[in-house]
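Participant: One file is attached below, structure_25.cif, containing mmCIF, C-alpha atoms and all ligand atoms.
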```cif
data_start
loop_
_atom_site.label_atom_id
_atom_site.label_comp_id
_atom_site.auth_asym_id
_atom_site.auth_seq_id
_atom_site.Cartn_x
_atom_site.Cartn_y
_atom_site.Cartn_z
CA MET A 1 130.89 129.18 102.30
CA LYS A 2 128.05 130.64 100.35
CA VAL A 3 124.35 129.99 100.90
CA ILE A 4 122.51 129.06 97.73
CA GLU A 5 118.70 129.19 97.84
CA LEU A 6 117.23 126.39 95.78
CA LYS A 7 113.57 125.72 96.47
CA LYS A 8 113.95 122.73 94.21
CA THR A 9 111.79 119.68 94.36
CA VAL A 10 113.85 116.58 94.87
CA THR A 11 112.44 114.98 91.78
CA ALA A 12 113.71 117.76 89.47
CA SER A 13 116.62 115.78 88.01
CA ASN A 14 114.43 112.71 87.59
CA ASP A 15 111.72 114.76 85.88
CA ARG A 16 114.24 115.93 83.30
CA ASP A 17 115.59 112.40 82.67
CA ALA A 18 112.03 111.16 82.31
CA GLU A 19 111.20 113.82 79.72
CA ILE A 20 114.24 112.87 77.63
CA LEU A 21 113.42 109.16 77.78
CA ARG A 22 109.80 109.79 76.81
CA ASP A 23 110.91 111.77 73.74
CA GLU A 24 113.40 109.11 72.65
CA LEU A 25 110.79 106.38 72.89
CA SER A 26 108.24 108.46 70.98
CA LYS A 27 110.72 108.83 68.14
CA LYS A 28 111.12 105.05 68.06
CA GLY A 29 107.34 104.62 68.01
CA ILE A 30 107.27 102.75 71.31
CA LEU A 31 104.49 103.47 73.81
CA LEU A 32 105.72 103.04 77.40
CA ILE A 33 103.06 102.33 80.00
CA ASN A 34 103.74 102.41 83.72
CA LEU A 35 101.57 99.87 85.53
CA MET A 36 101.15 100.40 89.25
CA SER A 37 99.24 98.71 92.05
CA ALA A 38 99.60 97.19 95.49
CA ALA A 39 101.37 93.82 95.57
CA GLY A 40 99.08 91.01 94.47
CA SER A 41 96.46 93.22 92.84
CA GLY A 42 96.85 91.37 89.56
CA LYS A 43 99.38 93.24 87.42
CA THR A 44 101.10 90.16 86.01
CA THR A 45 97.79 88.38 85.48
CA LEU A 46 96.28 91.35 83.63
CA LEU A 47 99.37 91.62 81.42
CA SER A 48 99.43 87.89 80.66
CA ARG A 49 95.80 87.89 79.57
CA THR A 50 96.25 91.07 77.52
CA ILE A 51 99.30 89.66 75.73
CA THR A 52 97.46 86.45 74.87
CA ASP A 53 94.30 88.26 73.72
CA LEU A 54 96.21 90.72 71.54
CA ALA A 55 98.72 88.25 70.07
CA GLY A 56 99.26 89.14 66.42
CA ARG A 57 97.68 92.59 66.88
CA VAL A 58 99.87 94.53 69.28
CA LYS A 59 103.46 93.52 69.95
CA ILE A 60 103.91 93.95 73.69
CA GLY A 61 107.05 93.81 75.83
CA VAL A 62 107.19 93.80 79.63
CA MET A 63 109.72 95.10 82.09
CA GLU A 64 109.22 93.46 85.48
CA ALA A 65 110.34 95.43 88.50
CA ASP A 66 108.25 93.72 91.14
CA ILE A 67 110.39 92.58 94.11
CA ALA A 68 113.66 90.74 93.54
CA SER A 69 112.65 87.41 92.02
CA ASP A 70 112.16 86.77 88.34
CA VAL A 71 109.02 84.60 88.42
CA ASP A 72 106.91 87.30 86.77
CA ALA A 73 109.37 87.78 83.91
CA LYS A 74 109.40 84.00 83.38
CA LYS A 75 105.59 83.92 83.20
CA ILE A 76 105.58 86.59 80.51
CA ASN A 77 108.40 84.92 78.60
CA ALA A 78 106.43 81.69 78.58
CA LEU A 79 103.73 83.51 76.59
CA GLY A 80 106.29 84.27 73.91
CA ALA A 81 106.54 87.97 74.68
CA GLU A 82 109.75 89.87 75.24
CA SER A 83 110.31 90.46 78.93
CA ILE A 84 113.05 91.48 81.26
CA GLN A 85 113.51 91.56 85.03
CA VAL A 86 115.09 94.63 86.57
CA HIS A 87 116.54 94.46 90.04
CA THR A 88 115.80 97.51 92.09
CA ASP A 89 118.28 97.02 94.91
CA GLY A 90 115.81 97.57 97.70
CA MET A 91 114.31 100.69 96.13
CA CYS A 92 110.57 101.07 96.54
CA HIS A 93 109.92 102.59 93.12
CA MET A 94 111.31 102.77 89.60
CA ASP A 95 112.76 106.07 88.43
CA ALA A 96 113.60 107.23 84.93
CA GLY A 97 117.25 106.17 85.14
CA MET A 98 116.37 102.62 86.17
CA THR A 99 113.70 102.41 83.48
CA ARG A 100 116.22 103.49 80.86
CA GLN A 101 118.70 100.84 82.01
CA GLY A 102 116.03 98.17 81.84
CA LEU A 103 114.99 99.21 78.34
CA GLU A 104 118.59 99.15 77.13
CA ASN A 105 118.72 95.46 77.98
CA MET A 106 115.53 94.66 76.14
CA GLU A 107 115.14 93.47 72.56
CA LYS A 108 112.96 96.29 71.26
CA ASN A 109 112.75 95.42 67.59
CA GLY A 110 109.17 95.67 66.43
CA LEU A 111 107.75 96.36 69.89
CA GLN A 112 104.79 98.74 69.89
CA ALA A 113 103.99 98.89 73.59
CA VAL A 114 106.19 98.25 76.60
CA PHE A 115 104.66 97.81 80.04
CA LEU A 116 106.66 98.59 83.12
CA GLU A 117 105.29 96.47 85.96
CA ASN A 118 106.24 98.79 88.80
CA ILE A 119 107.00 97.75 92.35
CA GLY A 120 103.92 96.74 94.30
CA ASN A 121 102.94 99.68 96.43
CA LEU A 122 100.66 102.67 95.98
CA ILE A 123 102.74 105.43 97.49
CA CYS A 124 106.29 105.65 96.18
CA PRO A 125 105.79 104.86 92.46
CA ALA A 126 103.29 107.72 92.20
CA GLU A 127 105.95 110.25 93.07
CA PHE A 128 108.49 109.35 90.43
CA ASP A 129 108.09 109.91 86.72
CA THR A 130 109.44 106.82 84.96
CA GLY A 131 109.41 108.37 81.50
CA ALA A 132 106.20 106.52 80.62
CA HIS A 133 103.67 107.99 78.18
CA ARG A 134 100.73 106.65 80.15
CA ASN A 135 100.20 105.72 83.79
CA VAL A 136 97.82 102.89 84.56
CA MET A 137 96.86 101.80 88.04
CA ILE A 138 95.08 98.73 89.28
CA LEU A 139 92.68 98.49 92.15
CA SER A 140 91.48 94.98 92.88
CA VAL A 141 88.07 94.24 94.36
CA PRO A 142 89.41 92.70 97.62
CA GLU A 143 91.26 95.94 98.39
CA GLY A 144 88.01 97.83 98.83
CA ASP A 145 86.21 100.70 97.14
CA ASP A 146 87.63 103.27 99.60
CA LYS A 147 91.23 102.99 98.34
CA PRO A 148 91.03 106.31 96.46
CA LEU A 149 90.58 108.07 99.80
CA LYS A 150 93.76 106.50 101.18
CA TYR A 151 96.09 107.00 98.21
CA PRO A 152 94.93 110.16 96.42
CA LEU A 153 98.21 110.89 94.61
CA MET A 154 98.20 107.59 92.73
CA PHE A 155 94.69 108.28 91.44
CA LYS A 156 95.60 111.83 90.45
CA LYS A 157 98.65 110.71 88.47
CA SER A 158 96.98 107.87 86.57
CA ASP A 159 95.37 108.09 83.13
CA VAL A 160 93.58 104.78 83.59
CA LEU A 161 92.17 102.85 86.52
CA VAL A 162 91.64 99.15 85.96
CA ILE A 163 89.46 97.57 88.64
CA THR A 164 90.48 93.90 88.62
CA LYS A 165 89.11 90.68 90.09
CA LYS A 166 85.57 91.70 89.20
CA ASP A 167 84.61 88.02 89.45
CA ALA A 168 85.31 88.26 93.20
CA ALA A 169 82.76 91.02 93.72
CA PRO A 170 80.06 88.74 95.21
CA TYR A 171 82.40 87.81 98.08
CA PHE A 172 83.48 91.33 98.90
CA ASP A 173 81.31 94.27 99.63
CA PHE A 174 82.68 96.27 96.72
CA ASP A 175 80.63 99.22 95.52
CA PHE A 176 81.72 99.93 91.90
CA GLU A 177 79.77 103.17 91.71
CA ALA A 178 81.36 104.47 94.93
CA ALA A 179 84.84 103.53 93.71
CA LYS A 180 84.25 105.30 90.39
CA ARG A 181 82.82 108.38 92.07
CA ARG A 182 85.79 108.63 94.44
CA ALA A 183 88.34 108.15 91.66
CA LEU A 184 86.64 110.71 89.42
CA ALA A 185 86.47 113.25 92.24
CA LEU A 186 90.27 113.09 92.45
CA ASN A 187 90.82 112.91 88.71
CA PRO A 188 87.89 113.82 86.44
CA SER A 189 89.66 112.59 83.29
CA ILE A 190 90.64 109.13 84.57
CA LYS A 191 89.32 106.25 82.43
CA ILE A 192 87.92 103.35 84.40
CA PHE A 193 87.76 99.72 83.23
CA PRO A 194 86.28 97.07 85.55
CA VAL A 195 87.66 93.68 84.45
CA SER A 196 88.23 90.11 85.47
CA ALA A 197 91.44 88.70 84.09
CA LYS A 198 90.16 85.30 85.19
CA THR A 199 86.85 85.18 83.31
CA GLY A 200 87.78 87.76 80.67
CA GLU A 201 84.85 90.02 81.53
CA GLY A 202 85.50 93.63 80.59
CA MET A 203 88.89 92.88 79.01
CA ASP A 204 87.56 94.08 75.64
CA GLU A 205 87.18 97.71 76.67
CA TRP A 206 90.60 97.83 78.25
CA GLU A 207 92.21 96.20 75.21
CA LYS A 208 90.41 98.57 72.86
CA TRP A 209 91.88 101.47 74.80
CA LEU A 210 95.35 99.94 74.54
CA ILE A 211 95.04 99.35 70.79
CA SER A 212 93.86 102.87 70.16
CA GLU A 213 96.62 104.44 72.28
CA THR A 214 99.24 102.33 70.49
CA GLU A 215 97.91 103.32 67.07
CA LYS A 216 97.72 107.00 67.97
CA HIS A 217 101.28 106.84 69.22
CA CYS A 218 102.70 105.11 66.16
CA ASN A 219 101.02 107.52 63.76
CA ALA A 220 101.99 110.62 65.71
CA MET B 221 112.10 101.95 102.21
CA HIS B 222 111.11 105.13 100.48
CA GLU B 223 113.78 107.27 102.18
CA LEU B 224 116.57 105.43 100.41
CA GLY B 225 115.34 106.48 96.99
CA LEU B 226 114.68 110.01 98.13
CA VAL B 227 118.22 110.48 99.42
CA LYS B 228 119.62 109.24 96.11
CA HIS B 229 117.48 111.79 94.30
CA VAL B 230 118.53 114.60 96.63
CA ILE B 231 122.15 113.79 95.81
CA TYR B 232 121.48 113.62 92.03
CA THR B 233 119.77 117.01 92.23
CA LEU B 234 122.66 118.49 94.20
CA HIS B 235 125.08 117.34 91.50
CA ASP B 236 123.04 119.27 88.93
CA VAL B 237 123.01 122.33 91.17
CA ALA B 238 126.76 122.05 91.73
CA LYS B 239 127.41 121.98 87.99
CA GLU B 240 125.21 125.02 87.37
CA ASN B 241 126.74 127.06 90.17
CA GLY B 242 130.37 125.96 90.15
CA VAL B 243 130.13 124.34 93.57
CA LYS B 244 133.13 122.37 94.77
CA HIS B 245 131.81 121.00 98.02
CA ILE B 246 128.56 121.19 99.95
CA GLY B 247 128.73 121.87 103.69
CA SER B 248 125.06 121.62 104.57
CA VAL B 249 121.74 120.82 102.97
CA THR B 250 118.42 122.14 104.27
CA LEU B 251 115.33 120.12 103.36
CA GLU B 252 111.74 121.20 103.82
CA ILE B 253 109.57 118.26 104.73
CA GLY B 254 105.81 118.40 105.16
CA GLU B 255 104.30 117.00 108.32
CA VAL B 256 102.10 114.56 106.40
CA SER B 257 104.51 113.76 103.56
CA GLY B 258 104.94 110.29 105.02
CA ILE B 259 108.69 110.67 105.26
CA ILE B 260 110.32 109.36 108.41
CA ASN B 261 112.98 111.88 109.39
CA GLU B 262 115.14 109.43 111.36
CA GLN B 263 115.24 107.03 108.41
CA LEU B 264 116.02 109.85 106.05
CA ALA B 265 118.91 110.94 108.29
CA ASP B 266 120.27 107.37 108.45
CA CYS B 267 120.14 107.05 104.66
CA TRP B 268 121.79 110.43 104.33
CA ASP B 269 124.67 109.37 106.62
CA TYR B 270 125.14 106.22 104.61
CA PHE B 271 125.00 107.68 101.10
CA SER B 272 126.59 111.08 101.65
CA LYS B 273 129.82 109.45 102.85
CA LYS B 274 130.17 107.74 99.48
CA ASP B 275 129.92 110.92 97.48
CA GLU B 276 132.69 113.48 97.25
CA LEU B 277 130.43 116.48 96.67
CA VAL B 278 128.35 115.99 99.82
CA CYS B 279 130.76 113.99 101.98
CA GLY B 280 130.44 115.18 105.57
CA ALA B 281 127.62 117.61 104.72
CA LYS B 282 125.20 118.36 107.52
CA LEU B 283 121.54 117.52 106.92
CA ILE B 284 119.08 120.07 108.32
CA ILE B 285 115.38 119.20 108.27
CA GLU B 286 112.71 121.91 108.54
CA THR B 287 109.20 120.63 109.12
CA VAL B 288 106.28 122.29 107.32
CA ASP B 289 103.02 122.20 109.31
CA ALA B 290 100.12 120.54 107.54
CA VAL B 291 97.01 122.67 106.92
CA THR B 292 93.73 121.55 105.36
CA PHE B 293 91.16 123.78 103.65
CA CYS B 294 87.43 123.13 103.88
CA THR B 295 85.57 123.96 100.68
CA ALA B 296 82.22 123.96 102.48
CA CYS B 297 82.90 126.67 105.07
CA GLU B 298 86.13 128.01 103.54
CA ARG B 299 88.10 127.79 106.77
CA THR B 300 91.46 126.15 107.39
CA TYR B 301 92.48 123.79 110.19
CA GLU B 302 95.35 121.61 111.43
CA THR B 303 95.45 118.41 109.40
CA VAL B 304 97.22 116.32 112.00
CA THR B 305 94.62 117.00 114.70
CA TYR B 306 91.43 116.76 112.65
CA GLY B 307 92.23 114.73 109.55
CA LYS B 308 89.90 114.88 106.55
CA THR B 309 86.79 116.09 108.39
CA CYS B 310 86.37 119.80 109.03
CA PRO B 311 86.14 120.54 112.79
CA PHE B 312 83.99 123.64 112.13
CA CYS B 313 81.24 122.27 109.92
CA CYS B 314 81.91 118.49 109.81
CA SER B 315 82.17 118.49 106.02
CA GLY B 316 84.44 115.96 104.34
CA GLU B 317 84.90 118.15 101.28
CA THR B 318 88.38 119.25 102.27
CA TYR B 319 91.81 119.29 100.73
CA LEU B 320 95.40 119.63 101.89
CA LEU B 321 96.79 123.16 101.46
CA LYS B 322 100.30 122.39 102.64
CA GLY B 323 102.18 119.70 104.50
CA ASN B 324 103.08 117.31 101.71
CA GLU B 325 106.28 119.04 100.62
CA PHE B 326 109.66 117.52 100.11
CA SER B 327 112.07 120.03 98.67
CA ILE B 328 115.61 121.25 98.99
CA LYS B 329 115.40 124.71 100.49
CA GLN B 330 119.03 125.72 100.42
CA ILE B 331 122.63 124.57 100.62
CA GLU B 332 125.80 125.99 102.04
CA ALA B 333 128.43 125.58 99.41
CA GLU B 334 132.09 126.12 98.78
CA LEU B 335 132.51 127.46 95.26
CA ASP B 336 135.32 126.53 92.85
CA ALA B 337 136.72 130.07 92.99
CA GLU B 338 136.85 130.02 96.79
CA SER B 339 139.18 127.04 96.95
CA GLY B 340 142.18 127.59 99.14
CA GLU B 341 140.43 130.28 101.13
CA ASN B 342 138.45 127.85 103.29
N1 LIG C 401 89.73 85.87 90.98
C1 LIG C 401 90.67 86.57 90.36
N2 LIG C 401 91.95 86.45 90.76
C2 LIG C 401 92.89 87.17 90.11
C3 LIG C 401 92.58 88.05 89.03
N3 LIG C 401 93.72 88.65 88.61
C4 LIG C 401 94.72 88.16 89.42
N4 LIG C 401 94.23 87.26 90.31
C5 LIG C 401 94.99 86.52 91.33
O1 LIG C 401 95.64 87.43 92.21
C6 LIG C 401 96.91 86.94 92.63
C7 LIG C 401 98.01 87.97 92.36
O2 LIG C 401 98.10 88.24 90.97
P1 LIG C 401 99.40 88.82 90.26
O3 LIG C 401 99.03 89.05 88.84
O4 LIG C 401 100.58 87.97 90.53
O5 LIG C 401 99.56 90.20 91.04
P2 LIG C 401 100.76 91.28 90.96
O6 LIG C 401 101.57 91.11 92.21
O7 LIG C 401 100.07 92.62 90.96
O8 LIG C 401 101.53 91.04 89.71
C8 LIG C 401 97.12 85.64 91.86
O9 LIG C 401 96.80 84.58 92.71
C9 LIG C 401 96.12 85.73 90.70
O10 LIG C 401 95.68 84.48 90.27
C10 LIG C 401 91.20 88.15 88.62
O11 LIG C 401 90.80 88.89 87.72
N5 LIG C 401 90.29 87.38 89.33
MG MG C 402 103.56 90.70 89.41
ZN ZN C 403 84.10 123.34 107.10
#
```
Output the file's structure as structure tokens, nothing else.
Ligand SMILES: Nc1nc2c(ncn2[C@@H]2O[C@H](COP(=O)(O)OP(=O)(O)O)[C@@H](O)[C@H]2O)c(=O)[nH]1
Ligand SMILES: [Mg+2]
Ligand SMILES: [Zn+2]

Facilitator:
Amino acid sequence: MKVIELKKTVTASNDRDAEILRDELSKKGILLINLMSAAGSGKTTLLSRTITDLAGRVKIGVMEADIASDVDAKKINALGAESIQVHTDGMCHMDAGMTRQGLENMEKNGLQAVFLENIGNLICPAEFDTGAHRNVMILSVPEGDDKPLKYPLMFKKSDVLVITKKDAAPYFDFDFEAAKRRALALNPSIKIFPVSAKTGEGMDEWEKWLISETEKHCNA
Amino acid sequence: MHELGLVKHVIYTLHDVAKENGVKHIGSVTLEIGEVSGIINEQLADCWDYFSKKDELVCGAKLIIETVDAVTFCTACERTYETVTYGKTCPFCCSGETYLLKGNEFSIKQIEAELDAESGEN
């Protein structure tokens, strides 16, 4: 028996797979966006509204990984967008290998952006690179403005923070400025969009960001 | 259950390592786990028992866990303290402007391996 010193992070093999997947998708002109939040924060609702608002402008596909049912995939399909449900077998996060498998089963013709609706929790998905080009996280108003203090890694890894359920702000003591300050302290380059997917408030800014990222990606 | 995914990834990584180093079988795996990494060692060990039995390379391999103490640094007074006892607030100056220096690790420190060339020797 020989002792081999490794000092390897456990995610090393996943990191490599993720890098390869990201490159392949870039060559195909597809922007992959990893969408993360706690369960019930409003991922499916945000995606549904975005798909409807951008119909005819950005062709969006969705990979649903949330829990084991396929209700979310059905909701997206009903909007006429390509969607697929991946079963995660009890895993608490999506990794690059699972993302690749999901994508292989998707009709990708003409798609410009694919969202991966990750499994609803704020800890595990942050640790695994899915191969996405952009990471977007959602914080919903009822969860409280102190969430960044509890889940720092998620905020550090995300390019965008969407604060959803803005319409519910009067019922919760949510301090937008405090939430922004806390998120920016962890990640000075994070972009923050407060929205309500119910009333449509703020959706414009978020959608503008999405359009511009998609265009940049296709022309790269 | 986070531990399930982690064990799968440990095994994937070990397969890569085995390929690079010509390893035939792994006898033990030493993991370094930070005190505040959120990993539950007992659950990790259970998942290891379950998955390692299904994989030829690591079948029967012993799992050794080394815990890394968590230490937090205070940017206000530039001192360090035990994270687990005091949390985010510095016990010296009461500042909340602190960050974790170590204690969040999860890495494979080393393995004991039987190399291809050694076969038969045992
Ligand atoms: N008031 C309000 N409710 C919302 C909003 N977005 C989502 N919801 C509600 O939050 C619940 C969970 O939403 P869903 O999109 O399924 O969350 P997911 O688990 O993250 O996909 C549903 O009852 C939605 O109707 C919003 O902007 N405002
Ligand atoms: Mg959902
Ligand atoms: Zn201090």

Participant: What residues have any atom no more than 9 Å from ligand MG 402 (chain C) when counting all atoms listed in the file, and can you list them as a list of chain:residue names?

Facilitator: A:Ala39, A:Gly40, A:Ser41, A:Gly42, A:Lys43, A:Thr44, A:Thr45, A:Glu64, A:Ala65, A:Asp66, A:Ile67, A:Val71, A:Asp72, A:Ala73, A:Glu117, A:Asn118, A:Ile119, A:Gly120

Participant: Using Å and a single decimal, report how far atom CA of Glu24 of chain A sits from atom CA of Met137 of chain A.

Facilitator: 23.7 Å

Participant: Taking only C-alpha atoms into account and nothing else, which residues of chain A lie no more than 7 Å away from chain B? Please answer as a list in words.

Facilitator: Met1, Lys2, Val3, Ile4, Glu5, Leu6, Lys7, Lys8, Thr9, Val10, Thr11, Ala12, Ser13, Met91, Cys92 and Cys124 of chain A

Participant: Give me the residues within 9 Å of Val136 of chain A as a list in words, counting only C-alpha atoms and dropping any in the same chain fewer than 3 places off.

Facilitator: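 These residues fall inside the cut-off: Ile33, Asn34, Leu35, Met36, Ser37, Lys157, Ser158, Asp159, Val160, Leu161 and Val162 of chain A.
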
Participant: Please build the interface table for chain B against ligand ZN 403 (chain C) with a cut-off of 12 Å, listing for each qualifying residue the nearest atom pair and the distance in Å to one decimal; count all atoms listed in the file, order rows by chain and increasing number, and write it as a tab-separated table.

Facilitator:
```
residue	atom	partner	partner_atom	distance
B:Thr292	CA	C:ZN403	ZN	9.9
B:Phe293	CA	C:ZN403	ZN	7.9
B:Cys294	CA	C:ZN403	ZN	4.6
B:Thr295	CA	C:ZN403	ZN	6.6
B:Ala296	CA	C:ZN403	ZN	5.0
B:Cys297	CA	C:ZN403	ZN	4.1
B:Glu298	CA	C:ZN403	ZN	6.2
B:Arg299	CA	C:ZN403	ZN	6.0
B:Thr300	CA	C:ZN403	ZN	7.9
B:Tyr301	CA	C:ZN403	ZN	8.9
B:Tyr306	CA	C:ZN403	ZN	11.3
B:Lys308	CA	C:ZN403	ZN	10.3
B:Thr309	CA	C:ZN403	ZN	7.8
B:Cys310	CA	C:ZN403	ZN	4.6
B:Pro311	CA	C:ZN403	ZN	6.7
B:Phe312	CA	C:ZN403	ZN	5.0
B:Cys313	CA	C:ZN403	ZN	4.2
B:Cys314	CA	C:ZN403	ZN	6.0
B:Ser315	CA	C:ZN403	ZN	5.3
B:Gly316	CA	C:ZN403	ZN	7.9
B:Glu317	CA	C:ZN403	ZN	7.8
B:Thr318	CA	C:ZN403	ZN	7.6
B:Tyr319	CA	C:ZN403	ZN	10.8
```

Participant: Which is closest to Leu46 of chain A among A:Lys74, A:Lys147, A:Lys165, A:Arg100, if we use all atoms listed in the file?

Facilitator: A:Lys165

Participant: Of the residues A:Val114, A:Ile138, A:Leu32, A:Ala179, which is the one nearest to ligand LIG 401 (chain C), using all atoms listed in the file?

Facilitator: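 The answer is A:Ile138, which sits nearest to ligand LIG 401 (chain C).
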
Participant: Name the closest residue to Leu277 of chain B among the candidates B:Gly307, B:Gly323, B:Gly242, B:Gly254; distances are taken between atoms, counting all atoms listed in the file.

Facilitator: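 That would be B:Gly242, the residue with the smallest distance to Leu277 of chain B.
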
Participant: Within 9 Å of Ile84 of chain A, counting all atoms listed in the file, which residues qualify if same-chain residues fewer than 4 places away don't, as a list of chain:residue names?

Facilitator: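 Listing them by chain and then by number gives A:Gly61, A:Val62, A:Met63, A:Glu64, A:Ala65, A:Asp70, A:Ala73, A:Lys74, A:Ile76, A:Asn77, A:Gly102, A:Leu103, A:Asn105, A:Met106.
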
Participant: Please compute the atom CA of Ala132 of chain A-atom CA of Arg57 of chain A distance, one decimal, in Å.

Facilitator: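 About the pair atom CA of Ala132 of chain A and atom CA of Arg57 of chain A: they are 21.3 Å apart.
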
Participant: Skipping near chain neighbours, those fewer than 5 positions away, what residues fall within 9 Å of segment 206-208 of chain A using only C-alpha atoms, listed as a count of residues only?

Facilitator: 9

Participant: Can you tell me how far atom CA of His133 of chain A sits from atom CA of Val58 of chain A, in Å to one decimal?

Facilitator: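 So the two atoms, atom CA of His133 of chain A and atom CA of Val58 of chain A, lie 16.6 Å apart.
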
Participant: Under the rule that only C-alpha atoms are counted, which of A:Ala81, A:His93, A:Arg181, A:Asp17 is the nearest residue to Leu47 of chain A?

Facilitator: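 Among A:Ala81, A:His93, A:Arg181, A:Asp17, it is A:Ala81 that comes nearest to Leu47 of chain A.
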
Participant: Any idea what's packed within 9 Å of Met98 of chain A, counting only C-alpha atoms, ignoring anything in its chain fewer than 6 positions away? Could you give it as a ChimeraX atom specification?

Facilitator: /A:86,88,130

Participant: For Glu255 of chain B, find every residue with an atom within 10 Å (counting all atoms listed in the file), except residues of its own chain fewer than 4 positions away, and show them as a list in words.

Facilitator: Ile259, Ile260, Glu286, Thr287, Val288, Asp289, Ala290, Val291, Thr303, Val304, Lys322, Gly323, Asn324, Glu325 and Phe326 of chain B
